[in-house]
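As provided, my_file_5.txt (compact mmCIF, C-alpha atoms and all ligand atoms) reads as follows.
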# COMPACT_ATOMS: atom_id res chain seq x y z
CA MET W 1 0.00 0.00 0.00
CA ARG W 2 1.11 3.50 -0.87
CA ILE W 3 0.25 6.33 1.53
CA ASP W 4 0.75 10.05 0.85
CA VAL W 5 -0.01 12.73 3.42
CA LEU W 6 -0.41 16.45 2.66
CA THR W 7 -0.02 18.76 5.68
CA ILE W 8 1.39 22.12 6.80
CA PHE W 9 2.83 20.31 9.85
CA PRO W 10 4.94 17.41 8.45
CA ASP W 11 6.62 16.86 11.84
CA TYR W 12 3.21 15.93 13.29
CA LEU W 13 3.38 12.74 11.23
CA ALA W 14 6.81 11.70 12.59
CA PRO W 15 5.22 8.95 14.77
CA LEU W 16 4.39 7.09 11.55
CA GLY W 17 8.07 6.24 11.36
CA LEU W 18 7.96 4.41 14.70
CA SER W 19 6.93 0.93 15.83
CA LEU W 20 4.22 -0.85 13.89
CA ILE W 21 4.14 1.51 10.91
CA GLY W 22 7.91 1.81 10.90
CA LYS W 23 8.20 -1.99 10.76
CA ALA W 24 5.58 -2.19 7.99
CA ARG W 25 7.59 0.34 6.00
CA GLU W 26 10.83 -1.59 6.55
CA GLN W 27 9.08 -4.75 5.35
CA GLY W 28 7.95 -2.93 2.22
CA LEU W 29 4.28 -3.45 3.18
CA VAL W 30 3.66 0.30 3.35
CA GLU W 31 5.26 3.06 1.28
CA LEU W 32 4.74 6.40 3.03
CA ALA W 33 5.50 9.95 1.88
CA VAL W 34 4.64 13.12 3.84
CA HIS W 35 4.46 16.36 1.83
CA ASP W 36 4.51 19.95 3.12
CA LEU W 37 1.58 21.77 1.50
CA ARG W 38 3.56 25.02 1.61
CA GLY W 39 5.75 23.52 -1.10
CA TRP W 40 2.91 24.38 -3.50
CA THR W 41 2.53 28.03 -2.48
CA THR W 42 3.90 30.76 -4.74
CA ASP W 43 4.08 33.85 -2.54
CA ARG W 44 6.95 35.02 -0.36
CA HIS W 45 5.06 34.23 2.83
CA ARG W 46 4.01 30.76 1.63
CA THR W 47 0.40 31.59 2.45
CA VAL W 48 -2.05 28.68 2.80
CA ASP W 49 -5.07 30.44 4.35
CA ASP W 50 -7.34 33.42 3.84
CA THR W 51 -10.46 35.02 5.31
CA PRO W 52 -13.77 33.16 4.84
CA TYR W 53 -16.36 34.36 2.28
CA GLY W 54 -19.60 35.15 4.08
CA GLY W 55 -17.69 36.31 7.16
CA GLY W 56 -17.28 34.36 10.37
CA PRO W 57 -14.32 33.68 12.63
CA GLY W 58 -10.98 32.18 11.70
CA MET W 59 -9.39 31.44 8.36
CA VAL W 60 -10.02 28.92 5.57
CA MET W 61 -7.34 26.99 3.67
CA ARG W 62 -6.90 28.42 0.15
CA PRO W 63 -7.78 26.10 -2.77
CA GLU W 64 -4.80 26.92 -5.02
CA PRO W 65 -2.02 25.18 -3.04
CA TRP W 66 -4.31 22.17 -2.52
CA GLY W 67 -5.12 21.93 -6.21
CA GLN W 68 -1.45 22.08 -7.19
CA ALA W 69 -0.44 19.61 -4.48
CA LEU W 70 -3.16 17.10 -5.40
CA ASP W 71 -2.18 17.39 -9.08
CA ALA W 72 1.44 16.63 -8.15
CA VAL W 73 0.65 13.72 -5.85
CA ALA W 74 -1.74 12.15 -8.37
CA ALA W 75 1.10 12.28 -10.91
CA MET W 76 3.50 10.54 -8.50
CA GLY W 77 1.69 7.26 -8.13
CA ALA W 78 0.68 4.17 -10.04
CA PRO W 79 -2.17 4.23 -12.57
CA GLU W 80 -4.69 3.22 -9.88
CA ARG W 81 -7.12 5.98 -8.91
CA PRO W 82 -6.17 6.94 -5.34
CA ARG W 83 -8.60 7.39 -2.45
CA LEU W 84 -8.34 10.95 -1.09
CA VAL W 85 -9.23 10.83 2.61
CA LEU W 86 -10.12 14.21 4.14
CA PRO W 87 -10.55 14.09 7.93
CA THR W 88 -13.26 16.52 9.05
CA PRO W 89 -15.77 16.72 11.92
CA ALA W 90 -18.42 16.77 9.15
CA GLY W 91 -17.34 13.43 7.68
CA ARG W 92 -18.85 9.95 7.82
CA PRO W 93 -17.81 8.01 10.94
CA PHE W 94 -14.46 6.27 10.64
CA THR W 95 -15.12 2.73 11.90
CA GLN W 96 -13.38 -0.65 11.84
CA ALA W 97 -15.42 -1.44 8.73
CA VAL W 98 -13.99 1.67 7.01
CA ALA W 99 -10.50 0.64 8.17
CA HIS W 100 -10.99 -2.71 6.43
CA GLU W 101 -12.29 -0.89 3.33
CA TYR W 102 -9.15 1.26 3.23
CA ALA W 103 -6.84 -1.70 3.92
CA ALA W 104 -8.01 -3.25 0.64
CA LEU W 105 -6.99 -0.19 -1.40
CA PRO W 106 -3.62 0.21 -3.15
CA TRP W 107 -3.21 3.96 -2.55
CA LEU W 108 -4.43 6.34 0.13
CA VAL W 109 -3.81 10.10 -0.02
CA PHE W 110 -4.62 12.04 3.16
CA GLY W 111 -5.32 15.78 3.16
CA CYS W 112 -4.84 17.38 6.59
CA GLY W 113 -6.95 20.48 7.08
CA ARG W 114 -6.20 23.23 9.58
CA TYR W 115 -7.85 26.53 10.64
CA GLU W 116 -11.62 26.36 9.91
CA GLY W 117 -11.04 23.74 7.24
CA ILE W 118 -10.22 23.47 3.53
CA ASP W 119 -12.10 25.47 0.85
CA ALA W 120 -15.02 23.17 -0.07
CA ARG W 121 -14.18 23.36 -3.79
CA VAL W 122 -10.98 21.34 -3.20
CA ALA W 123 -12.91 18.14 -2.45
CA GLU W 124 -15.30 18.85 -5.35
CA GLU W 125 -12.52 19.46 -7.87
CA ALA W 126 -10.41 16.55 -6.61
CA ARG W 127 -13.19 14.15 -7.66
CA GLU W 128 -11.88 14.51 -11.20
CA ARG W 129 -8.87 12.35 -10.32
CA TYR W 130 -9.50 10.91 -6.83
CA ASP W 131 -12.20 8.94 -5.08
CA VAL W 132 -12.86 11.43 -2.28
CA ASP W 133 -13.93 10.40 1.23
CA GLU W 134 -14.58 12.79 4.11
CA VAL W 135 -14.30 10.96 7.45
CA SER W 136 -14.67 11.88 11.11
CA LEU W 137 -13.02 10.16 14.09
CA GLY W 138 -15.86 11.06 16.41
CA ASP W 139 -18.15 13.71 17.80
CA TYR W 140 -15.55 16.06 19.24
CA VAL W 141 -13.41 18.77 17.66
CA LEU W 142 -9.67 18.69 16.97
CA ASN W 143 -7.51 21.56 15.71
CA GLY W 144 -6.55 19.81 12.51
CA GLY W 145 -6.52 16.61 10.54
CA GLU W 146 -3.02 15.35 11.43
CA VAL W 147 -4.04 13.49 14.61
CA ALA W 148 -6.89 11.87 12.69
CA VAL W 149 -4.45 10.70 10.01
CA LEU W 150 -2.21 9.11 12.65
CA VAL W 151 -5.21 7.19 13.97
CA VAL W 152 -6.52 6.13 10.56
CA VAL W 153 -3.10 5.05 9.26
CA GLU W 154 -2.48 2.91 12.36
CA ALA W 155 -5.98 1.36 12.24
CA VAL W 156 -5.51 0.52 8.53
CA ALA W 157 -1.85 -0.55 8.45
CA ARG W 158 -2.31 -3.08 11.28
CA LEU W 159 -4.86 -4.89 9.11
CA LEU W 160 -2.39 -5.43 6.27
CA PRO W 161 -1.18 -9.04 6.00
CA GLY W 162 2.19 -9.46 7.70
CA VAL W 163 2.08 -6.28 9.79
CA ILE W 164 0.69 -7.84 12.96
CA GLY W 165 2.74 -10.86 14.03
CA ASN W 166 -0.22 -12.97 15.11
CA ALA W 167 -3.04 -12.30 12.64
CA GLN W 168 -5.48 -14.28 14.81
CA SER W 169 -5.35 -11.53 17.44
CA LEU W 170 -7.22 -9.36 14.93
CA ASP W 171 -10.19 -11.74 15.15
CA ASP W 172 -10.79 -11.44 18.91
CA GLU W 173 -10.34 -7.73 19.47
CA SER W 174 -13.05 -5.15 19.95
CA HIS W 175 -15.11 -4.30 16.87
CA ALA W 176 -13.61 -7.21 14.92
CA ALA W 177 -16.96 -9.01 14.86
CA GLY W 178 -19.19 -6.15 15.94
CA LEU W 179 -18.68 -6.70 19.68
CA LEU W 180 -16.35 -5.31 22.34
CA GLU W 181 -13.67 -7.75 23.47
CA ALA W 182 -13.94 -9.74 26.69
CA PRO W 183 -11.83 -8.60 29.68
CA ALA W 184 -8.20 -9.82 29.50
CA TYR W 185 -6.07 -11.18 32.39
CA THR W 186 -2.49 -12.36 32.95
CA LYS W 187 -0.37 -13.59 35.87
CA PRO W 188 -0.56 -13.56 38.86
CA ALA W 189 -3.85 -15.46 39.32
CA LEU W 190 -4.42 -13.50 42.57
CA TRP W 191 -3.48 -9.83 42.75
CA ARG W 192 -4.37 -7.50 45.67
CA GLY W 193 -7.24 -9.81 46.56
CA HIS W 194 -8.60 -9.90 43.02
CA ARG W 195 -8.75 -13.36 41.38
CA VAL W 196 -8.67 -14.21 37.67
CA PRO W 197 -12.03 -15.87 36.75
CA ASP W 198 -11.67 -19.59 37.49
CA VAL W 199 -12.91 -20.61 34.04
CA LEU W 200 -9.77 -19.05 32.48
CA LEU W 201 -7.62 -21.32 34.65
CA SER W 202 -9.67 -24.42 33.83
CA GLY W 203 -7.98 -25.44 30.60
CA ASP W 204 -11.45 -26.22 29.23
CA HIS W 205 -11.22 -24.47 25.88
CA ALA W 206 -14.90 -24.83 25.00
CA ARG W 207 -15.98 -23.34 28.35
CA ILE W 208 -13.36 -20.57 27.99
CA ALA W 209 -14.58 -19.69 24.48
CA ARG W 210 -18.18 -19.58 25.72
CA TRP W 211 -17.19 -17.41 28.69
CA LYS W 212 -15.35 -14.97 26.41
CA ARG W 213 -18.38 -14.75 24.11
CA ASP W 214 -20.74 -14.18 27.06
CA GLU W 215 -18.47 -11.53 28.54
CA ALA W 216 -18.12 -9.78 25.19
CA LEU W 217 -21.90 -9.69 24.86
CA ARG W 218 -22.41 -8.50 28.44
CA ARG W 219 -19.79 -5.76 28.03
CA THR W 220 -21.17 -4.64 24.68
CA ARG W 221 -24.77 -4.57 25.94
CA SER W 222 -23.64 -2.47 28.89
CA VAL W 223 -21.29 -0.01 27.14
CA ARG W 224 -22.43 -0.04 23.49
CA PRO W 225 -26.02 -1.33 23.14
CA ASP W 226 -26.04 0.28 19.70
CA LEU W 227 -23.48 -2.28 18.53
CA VAL W 228 -25.66 -5.19 19.72
CA ALA W 229 -28.69 -3.68 17.97
CA ALA W 230 -26.64 -3.39 14.75
CA LEU W 231 -25.58 -7.05 14.75
CA PRO W 232 -27.04 -9.09 11.87
CA PRO W 233 -29.96 -11.15 13.32
CA GLY W 234 -28.13 -14.42 12.59
CA ASP W 235 -25.14 -13.38 14.71
CA LEU W 236 -26.94 -13.93 18.03
CA ASP W 237 -27.99 -17.46 18.84
CA ARG W 238 -30.80 -18.34 21.29
CA ARG W 239 -28.34 -18.75 24.16
CA ASP W 240 -26.76 -15.37 23.37
CA ARG W 241 -30.14 -13.76 23.91
CA GLU W 242 -30.25 -15.22 27.44
CA VAL W 243 -26.88 -13.71 28.43
N1 LIG B 1 -11.45 13.75 11.44
C1 LIG B 1 -11.72 14.57 12.22
C2 LIG B 1 -12.05 15.49 13.25
C3 LIG B 1 -11.72 16.85 13.42
C4 LIG B 1 -10.99 17.79 12.54
C5 LIG B 1 -10.44 17.37 11.31
C6 LIG B 1 -9.81 18.30 10.48
C7 LIG B 1 -9.74 19.64 10.86
C8 LIG B 1 -9.23 20.83 10.26
C9 LIG B 1 -9.48 21.87 11.13
N2 LIG B 1 -10.12 21.41 12.21
C10 LIG B 1 -10.29 20.04 12.07
C11 LIG B 1 -10.92 19.13 12.93
N3 LIG B 1 -12.27 17.26 14.59
N4 LIG B 1 -12.92 16.21 15.15
C12 LIG B 1 -12.82 15.14 14.36
N5 LIG B 1 -13.41 13.92 14.63

As structure tokens, how would this structure be written, given the file I've shared?
Ligand SMILES: N#Cc1c(-c2ccc3cc[nH]c3c2)n[nH]c1N
Amino acid sequence: MRIDVLTIFPDYLAPLGLSLIGKAREQGLVELAVHDLRGWTTDRHRTVDDTPYGGGPGMVMRPEPWGQALDAVAAMGAPERPRLVLPTPAGRPFTQAVAHEYAALPWLVFGCGRYEGIDARVAEEARERYDVDEVSLGDYVLNGGEVAVLVVVEAVARLLPGVIGNAQSLDDESHAAGLLEAPAYTKPALWRGHRVPDVLLSGDHARIARWKRDEALRRTRSVRPDLVAALPPGDLDRRDREV
């Protein structure tokens, strides 16, 4: 997978060189390039923002540098049509399902907004050469798109074959099958008066699997009833409904 990131704060993306993503890059599973948007400005002050039409507070990112930058990036890659991902509070929710959708794509280009956002015509015009997707991490407000890109890139890259050592761990984690994961425990079996559930010490794999499923259901019903309601009807068996 190729990943390009356009930002006025390239240093913000430095963590993508560490750990999981860094290893994926070393393995050649991910090819990452971070570009400074100011490289496509033409004035002495390298201006990327201006006052908003219609008034209102703050500044809006100018379309010209974005247009030039997106032209240049589109010309850098393979013939595939890249997905342009624009983090914004006004986007569709970024979920594990979207992470899987992105993990199947050959080329992701991220556009990091700042100020009050990017001139709306940039996303419109980019549709000529990109599949454009505006996504939101959640119902809260950040100061820019860079943090969102760090989150999305990590959520996507870890799904790529070979990035996570034990691929099976992807199957049991929260949101993998629409539920939150069961509580996890390790040694010691007794810690400050708190015992690990006996079933996990039993060695009875069928009972352990059932306990984990029950606990995942209980936890999800308690914390995220919306996820249980969204499960396909066939996903819950009769016994599940009694948990
Ligand atoms: N994704 C996402 C976001 C943002 C966000 C994204 C881009 C910009 C550019 C200026 N302000 C921004 C906020 N806030 N909250 C989210 N869930």

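The environment of range 59-75 of chain W within 7 Å, counting only C-alpha atoms and disregarding residues fewer than 4 places along the same chain, consists of W:Leu37, W:Trp40, W:Thr41, W:Val48, W:Asp49, W:Asp50, W:Thr51, W:Pro52, W:Tyr115, W:Glu116, W:Gly117, W:Ile118, W:Asp119, W:Val122.
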
Query - Shell of 10 Å around ligand LIG 1 (chain B) (all atoms listed in the file), written as an MDAnalysis selection string - result: chainID W and resid 59:61 85:94 111:118 134:149 151:152

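Atom to atom, CA of Tyr185 in chain W and CA of Ala230 in chain W stand 28.2 Å apart.
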
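Rounded to one decimal, CA of Phe110 in chain W and CA of Ile3 in chain W lie 7.7 Å from each other.
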
Per residue of range 28-123 of chain W within 9 Å of range 156-164 of chain W, which atom pair is closest and at what distance in Å (one decimal), using only C-alpha atoms, listed by chain and increasing number, as JSON lines?
{"residue": "W:Leu29", "atom": "CA", "partner": "W:Val163", "partner_atom": "CA", "distance": 7.5}
{"residue": "W:Val30", "atom": "CA", "partner": "W:Ala157", "partner_atom": "CA", "distance": 7.6}
{"residue": "W:Gln96", "atom": "CA", "partner": "W:Val156", "partner_atom": "CA", "distance": 8.6}
{"residue": "W:Val98", "atom": "CA", "partner": "W:Val156", "partner_atom": "CA", "distance": 8.7}
{"residue": "W:Ala99", "atom": "CA", "partner": "W:Val156", "partner_atom": "CA", "distance": 5.0}
{"residue": "W:His100", "atom": "CA", "partner": "W:Val156", "partner_atom": "CA", "distance": 6.7}
{"residue": "W:Glu101", "atom": "CA", "partner": "W:Val156", "partner_atom": "CA", "distance": 8.7}
{"residue": "W:Tyr102", "atom": "CA", "partner": "W:Val156", "partner_atom": "CA", "distance": 6.5}
{"residue": "W:Ala103", "atom": "CA", "partner": "W:Val156", "partner_atom": "CA", "distance": 5.3}
{"residue": "W:Ala104", "atom": "CA", "partner": "W:Leu160", "partner_atom": "CA", "distance": 8.2}

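Between CA of Ile208 in chain W and CA of Asp235 in chain W there is a distance of 19.2 Å.
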
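Summary of the local environment: counting only C-alpha atoms, residues at most 8 Å from Val34 in chain W, other than itself and those fewer than 4 positions away along its chain, are Asp4, Val5, Leu6, Thr7, Pro10 and Leu13 of chain W.
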
Query raised in the report: Do you know which residues are at most 9 Å from Pro183 in chain W counting all atoms listed in the file, after dropping those on the same chain fewer than 5 positions away, and could you put them as a ChimeraX atom specification?
Result: /W:212,215-216,219

Do you know which residues lie at most 12 Å from (-6.6, -19.5, 34.2), with coordinates as in the file and only C-alpha atoms counted, and could you write them as an mmCIF file with C-alpha atoms, in the frame of the given file?
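And here is the file that came out, point_5.cif:
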data_model
loop_
_atom_site.group_PDB
_atom_site.id
_atom_site.type_symbol
_atom_site.label_atom_id
_atom_site.label_comp_id
_atom_site.auth_asym_id
_atom_site.auth_seq_id
_atom_site.Cartn_x
_atom_site.Cartn_y
_atom_site.Cartn_z
ATOM 1 C CA ALA W 184 -8.200 -9.820 29.500
ATOM 2 C CA TYR W 185 -6.070 -11.180 32.390
ATOM 3 C CA THR W 186 -2.490 -12.360 32.950
ATOM 4 C CA LYS W 187 -0.370 -13.590 35.870
ATOM 5 C CA PRO W 188 -0.560 -13.560 38.860
ATOM 6 C CA ALA W 189 -3.850 -15.460 39.320
ATOM 7 C CA LEU W 190 -4.420 -13.500 42.570
ATOM 8 C CA ARG W 195 -8.750 -13.360 41.380
ATOM 9 C CA VAL W 196 -8.670 -14.210 37.670
ATOM 10 C CA PRO W 197 -12.030 -15.870 36.750
ATOM 11 C CA ASP W 198 -11.670 -19.590 37.490
ATOM 12 C CA VAL W 199 -12.910 -20.610 34.040
ATOM 13 C CA LEU W 200 -9.770 -19.050 32.480
ATOM 14 C CA LEU W 201 -7.620 -21.320 34.650
ATOM 15 C CA SER W 202 -9.670 -24.420 33.830
ATOM 16 C CA GLY W 203 -7.980 -25.440 30.600
ATOM 17 C CA ASP W 204 -11.450 -26.220 29.230
ATOM 18 C CA HIS W 205 -11.220 -24.470 25.880
ATOM 19 C CA ARG W 207 -15.980 -23.340 28.350
ATOM 20 C CA ILE W 208 -13.360 -20.570 27.990
#

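With all atoms listed in the file as the atoms that count, the residue of W:Ala176, W:Val228, W:Ala33, W:Ala209 with the shortest distance to Gly17 in chain W is W:Ala33.
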